[in-house]
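Trainee: A single structure is presented below for examination.
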Amino acid sequence: MLKEYLLSQDSGTGRWGHGMPGVEICRFSLPEQEPLRPIPVCGAPLQFEVLFCLTGRLTVRALQGTSYTVEAPAIFLLSDSSALRSCQYSGNLGGVLIAVDAKAAKESLVTVCSTLGMRLDTRIVKEKMTARNGCMALCGTPWTQSFFETVRYLSEQEQERYCVFKSVELLYLLCTEVSESDEPFSGSGCPVSHSLLEVKAYIQTHLSDKLTIAFLCKQFSLSPTFLKEGFRRAYGMPIHSFLVQQRLRRAQALIRTTRMPIQQIAQAVGYEGMSQFNAAFKREYGMTPGQYRKMSETATPRPF
């Protein structure tokens with residue numbers, strides 16, 4: 001796929017590294033060429049690539065002749081089930097590519113997802129990608145806007161780790177996205193309403209927003225009673241507790257994997273005041289965010 005093309009380029013094209021077993025990271029910059037340079041598209045089973053396009057433009061052509069363009073800032077997800085004929089780039093195409101071998105990365109993905117409170121089934125992800133002809137472009141959404149707003153404040157190394165984290169999150173969101181004919185189940189064995197799955201996914205991708213019961217009810221056309229009682233039955237905790245849990249887990253990951261200032265992290269996960277953030281973090285983890293960062297810096301390096 002795109003990884004093979006980048007590997008075929010001169011050594012000056014980019015820098016390769018490993019985020020964790022089964023995951024490769026490439027920061028690259030391809031100079032503009034005329035005519036447009038074709039990129040061959042192929043793939044091995046259960047391979048996923050996430051291109052975080054920071055500059056330039058990527059033109060994707062499908063087997064049936066249709067084409068569309070991914071222009072920075074945007075995110076492009078490609079899987080082995082791709083029905084593409086080729087890709088071409090124009091401009092100075094640059095960014096970060098995360099290549100995931102789901103089989104080799106299985107244990108690492110399970111560890112990361114458990115830490116973040118996620119359950120990832122790559123077989124479901126593959127089914128979702130197959131339904132999209134193996135590729136998907138994201139741009140202009142709240143999720144992508146939040147990503148590009150955050151990534152510009154990070155160093156290059158921090159950007160690469162953050163891209164690994166967001167790639168796992170993107171695969172998770174695809175895994176939890178269901179059609180109306182699906183019958184997902186919660187941990188309690190009760191069927192989960194499609195609307196409740198949407199609410200859960202929305203919360204996890206909008207942690208920096210001010211989320212209230214009234215707002216979520218209006219956003220998803222639900223009654224307060226259905227939302228609160230249904231969410232508790234489906235996920236085993238009140239919706240507010242889930243929101244706090246997700247914010248603190250995201251904060252924990254950012255503290256451990258980036259050098260973002262603590263105050264900026266607090267804002268990124270929806271806390272306006274540091275005192276409230278410090279108190280919530282200490283209740284959850286038994287130490288302040290600053291103490292946790294110091295401990296993480298002296299601990300054994302983690303997969304990210």
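Residues are referred to by chain and number: the chain letter is A, B, ... according to the order shown in the structure tokens, the number counts from 1 in that chain, and ligands are numbered separately from 1 in the order shown.
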With only C-alpha atoms as the counted atoms, please give the residues lying no more than 7 Å from Ala74 in chain A, apart from itself and same-chain residues fewer than 6 positions off, as an mmCIF file with all heavy atoms, in the first residue's frame.

Mentor:
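So the final result, stored in selection-v4.cif, reads:
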data_model
loop_
_atom_site.group_PDB
_atom_site.id
_atom_site.type_symbol
_atom_site.label_atom_id
_atom_site.label_comp_id
_atom_site.auth_asym_id
_atom_site.auth_seq_id
_atom_site.Cartn_x
_atom_site.Cartn_y
_atom_site.Cartn_z
ATOM 1 N N PHE A 52 -1.990 10.775 7.866
ATOM 2 C CA PHE A 52 -2.316 12.089 8.419
ATOM 3 C C PHE A 52 -1.654 13.119 7.498
ATOM 4 O O PHE A 52 -0.459 13.387 7.610
ATOM 5 C CB PHE A 52 -1.818 12.208 9.857
ATOM 6 C CG PHE A 52 -2.496 11.253 10.801
ATOM 7 C CD1 PHE A 52 -1.968 9.977 11.016
ATOM 8 C CD2 PHE A 52 -3.657 11.609 11.472
ATOM 9 C CE1 PHE A 52 -2.595 9.085 11.881
ATOM 10 C CE2 PHE A 52 -4.281 10.726 12.340
ATOM 11 C CZ PHE A 52 -3.753 9.461 12.544
ATOM 12 N N CYS A 53 -2.443 13.631 6.573
ATOM 13 C CA CYS A 53 -1.932 14.497 5.514
ATOM 14 C C CYS A 53 -1.844 15.942 6.027
ATOM 15 O O CYS A 53 -2.872 16.575 6.278
ATOM 16 C CB CYS A 53 -2.852 14.407 4.297
ATOM 17 S SG CYS A 53 -2.271 15.304 2.861
ATOM 18 N N LEU A 138 -11.275 11.575 5.808
ATOM 19 C CA LEU A 138 -11.896 12.373 6.857
ATOM 20 C C LEU A 138 -11.336 13.787 6.807
ATOM 21 O O LEU A 138 -10.115 13.978 6.862
ATOM 22 C CB LEU A 138 -11.605 11.774 8.233
ATOM 23 C CG LEU A 138 -12.185 10.397 8.544
ATOM 24 C CD1 LEU A 138 -11.609 9.869 9.839
ATOM 25 C CD2 LEU A 138 -13.696 10.456 8.629
ATOM 26 N N CYS A 139 -12.207 14.765 6.710
ATOM 27 C CA CYS A 139 -11.760 16.152 6.754
ATOM 28 C C CYS A 139 -12.954 17.029 7.143
ATOM 29 O O CYS A 139 -14.100 16.724 6.807
ATOM 30 C CB CYS A 139 -11.184 16.611 5.413
ATOM 31 S SG CYS A 139 -12.331 16.537 4.040
#

Trainee: As a PyMOL selection string, which residues of range 72-157 of chain A does DSSP assign to strand (DSSP E)?

Mentor: chain A and resi 74-79+84-101+135-138

Trainee: Could you check which of A:Thr258, A:Phe215, A:Glu284, A:Ser275 is closest to Ser241 in chain A, using only C-alpha atoms?

Mentor: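 Selected residue with least distance to Ser241 in chain A: A:Glu284.
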
Trainee: Taking only C-alpha atoms into account, which of A:Ser221, A:Ser108, A:Ser208, A:Ser79 comes nearest Ser195 in chain A?

Mentor: A:Ser221

Trainee: Quick check, in Å to one decimal: how far apart do CA of Asp121 in chain A and CA of Glu158 in chain A lie?

Mentor: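 Atom-to-atom, CA of Asp121 in chain A to CA of Glu158 in chain A, that is 26.7 Å.
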
Trainee: Measuring between only C-alpha atoms, which one of A:Gln245, A:Phe28, A:Ile98, A:Gly273 shows the shortest distance to Val164 in chain A?

Mentor: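 Closest candidate: A:Ile98.
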
Trainee: Tell me, which residues of range 86-171 of chain A carry DSSP helix (DSSP H, G or I), written as an MDAnalysis selection string?

Mentor: chainID A and resid 106:115 122:131 142:151 156:171

Trainee: Name the residues in contact with range 248-256 of chain A at a cut-off of 8 Å, using only C-alpha atoms, excluding same-chain residues fewer than 2 positions from it; report them as a ChimeraX atom specification.

Mentor: /A:115-117,244-246,258-260,262,265-266,269,280-281,284,289,292-293,296-297

Trainee: Let me see the file: selected residues, N, CA, C and O atoms, as an mmCIF file, in the first residue's frame.

Mentor:
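Writing done, so here's result-v4.cif:
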data_model
loop_
_atom_site.group_PDB
_atom_site.id
_atom_site.type_symbol
_atom_site.label_atom_id
_atom_site.label_comp_id
_atom_site.auth_asym_id
_atom_site.auth_seq_id
_atom_site.Cartn_x
_atom_site.Cartn_y
_atom_site.Cartn_z
ATOM 1 N N THR A 115 -6.329 -0.095 28.323
ATOM 2 C CA THR A 115 -5.930 1.086 29.089
ATOM 3 C C THR A 115 -6.899 2.240 28.869
ATOM 4 O O THR A 115 -7.231 2.986 29.788
ATOM 5 N N LEU A 116 -7.382 2.369 27.638
ATOM 6 C CA LEU A 116 -8.263 3.476 27.288
ATOM 7 C C LEU A 116 -9.746 3.121 27.428
ATOM 8 O O LEU A 116 -10.606 3.929 27.081
ATOM 9 N N GLY A 117 -10.039 1.918 27.886
ATOM 10 C CA GLY A 117 -11.435 1.524 28.064
ATOM 11 C C GLY A 117 -12.139 1.209 26.761
ATOM 12 O O GLY A 117 -13.348 1.399 26.636
ATOM 13 N N VAL A 244 -16.630 11.446 32.710
ATOM 14 C CA VAL A 244 -15.477 11.735 33.561
ATOM 15 C C VAL A 244 -14.387 10.690 33.354
ATOM 16 O O VAL A 244 -13.194 11.014 33.232
ATOM 17 N N GLN A 245 -14.788 9.422 33.305
ATOM 18 C CA GLN A 245 -13.823 8.335 33.104
ATOM 19 C C GLN A 245 -13.049 8.514 31.800
ATOM 20 O O GLN A 245 -11.823 8.385 31.759
ATOM 21 N N GLN A 246 -13.769 8.806 30.714
ATOM 22 C CA GLN A 246 -13.120 8.950 29.413
ATOM 23 C C GLN A 246 -12.206 10.167 29.374
ATOM 24 O O GLN A 246 -11.119 10.131 28.785
ATOM 25 N N THR A 258 2.903 12.644 25.601
ATOM 26 C CA THR A 258 3.246 13.926 24.995
ATOM 27 C C THR A 258 3.881 14.840 26.028
ATOM 28 O O THR A 258 3.908 14.531 27.226
ATOM 29 N N ARG A 259 4.389 15.976 25.547
ATOM 30 C CA ARG A 259 4.917 16.998 26.452
ATOM 31 C C ARG A 259 3.989 18.207 26.500
ATOM 32 O O ARG A 259 4.410 19.311 26.851
ATOM 33 N N MET A 260 2.732 18.025 26.148
ATOM 34 C CA MET A 260 1.768 19.110 26.248
ATOM 35 C C MET A 260 1.721 19.623 27.685
ATOM 36 O O MET A 260 1.741 18.823 28.626
ATOM 37 N N ILE A 262 0.294 20.644 31.217
ATOM 38 C CA ILE A 262 -0.828 20.052 31.950
ATOM 39 C C ILE A 262 -2.098 20.888 31.771
ATOM 40 O O ILE A 262 -3.199 20.349 31.580
ATOM 41 N N ILE A 265 -3.647 20.160 28.467
ATOM 42 C CA ILE A 265 -4.284 18.839 28.472
ATOM 43 C C ILE A 265 -5.633 18.911 29.162
ATOM 44 O O ILE A 265 -6.619 18.335 28.692
ATOM 45 N N ALA A 266 -5.691 19.625 30.282
ATOM 46 C CA ALA A 266 -6.961 19.780 31.002
ATOM 47 C C ALA A 266 -8.026 20.384 30.094
ATOM 48 O O ALA A 266 -9.173 19.916 30.041
ATOM 49 N N VAL A 269 -9.393 17.986 27.360
ATOM 50 C CA VAL A 269 -10.338 16.958 27.783
ATOM 51 C C VAL A 269 -11.552 17.549 28.493
ATOM 52 O O VAL A 269 -12.301 16.829 29.159
ATOM 53 N N ALA A 280 -10.115 15.797 40.251
ATOM 54 C CA ALA A 280 -10.688 14.621 39.587
ATOM 55 C C ALA A 280 -9.603 13.600 39.267
ATOM 56 O O ALA A 280 -9.794 12.388 39.450
ATOM 57 N N PHE A 281 -8.461 14.067 38.775
ATOM 58 C CA PHE A 281 -7.362 13.159 38.415
ATOM 59 C C PHE A 281 -6.830 12.440 39.659
ATOM 60 O O PHE A 281 -6.569 11.233 39.628
ATOM 61 N N GLU A 284 -9.078 9.659 40.820
ATOM 62 C CA GLU A 284 -9.046 8.488 39.942
ATOM 63 C C GLU A 284 -7.732 7.717 40.056
ATOM 64 O O GLU A 284 -7.726 6.476 40.067
ATOM 65 N N PRO A 289 -1.827 15.262 38.346
ATOM 66 C CA PRO A 289 -1.299 15.105 36.987
ATOM 67 C C PRO A 289 0.212 15.352 36.924
ATOM 68 O O PRO A 289 0.927 14.636 36.211
ATOM 69 N N TYR A 292 2.000 12.351 38.269
ATOM 70 C CA TYR A 292 1.895 11.234 37.326
ATOM 71 C C TYR A 292 2.897 11.404 36.187
ATOM 72 O O TYR A 292 3.514 10.435 35.741
ATOM 73 N N ARG A 293 3.069 12.639 35.699
ATOM 74 C CA ARG A 293 4.037 12.881 34.617
ATOM 75 C C ARG A 293 5.452 12.553 35.077
ATOM 76 O O ARG A 293 6.219 11.921 34.354
ATOM 77 N N SER A 296 5.872 8.868 35.164
ATOM 78 C CA SER A 296 5.925 8.296 33.832
ATOM 79 C C SER A 296 7.289 8.515 33.195
ATOM 80 O O SER A 296 7.789 7.667 32.456
ATOM 81 N N GLU A 297 7.908 9.643 33.477
ATOM 82 C CA GLU A 297 9.220 9.964 32.900
ATOM 83 C C GLU A 297 10.316 9.063 33.442
ATOM 84 O O GLU A 297 11.312 8.805 32.766
#

Trainee: Mind pulling up the distance from CA of Arg152 in chain A to CA of Lys294 in chain A?

Mentor: 24.0 Å

Trainee: Near Ser90 in chain A, within 7 Å and counting only C-alpha atoms, which residues show up once chain neighbours fewer than 5 positions away are dropped, as a list in words?

Mentor: Glu32, Leu36, Gly56, Arg57 and Leu58 of chain A

Trainee: Looking at only C-alpha atoms, which of A:Glu198, A:Gln88, A:Ser223, A:His206 is the one that sits closest to Ser146 in chain A?

Mentor: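 The answer is A:His206, which sits nearest to Ser146 in chain A.
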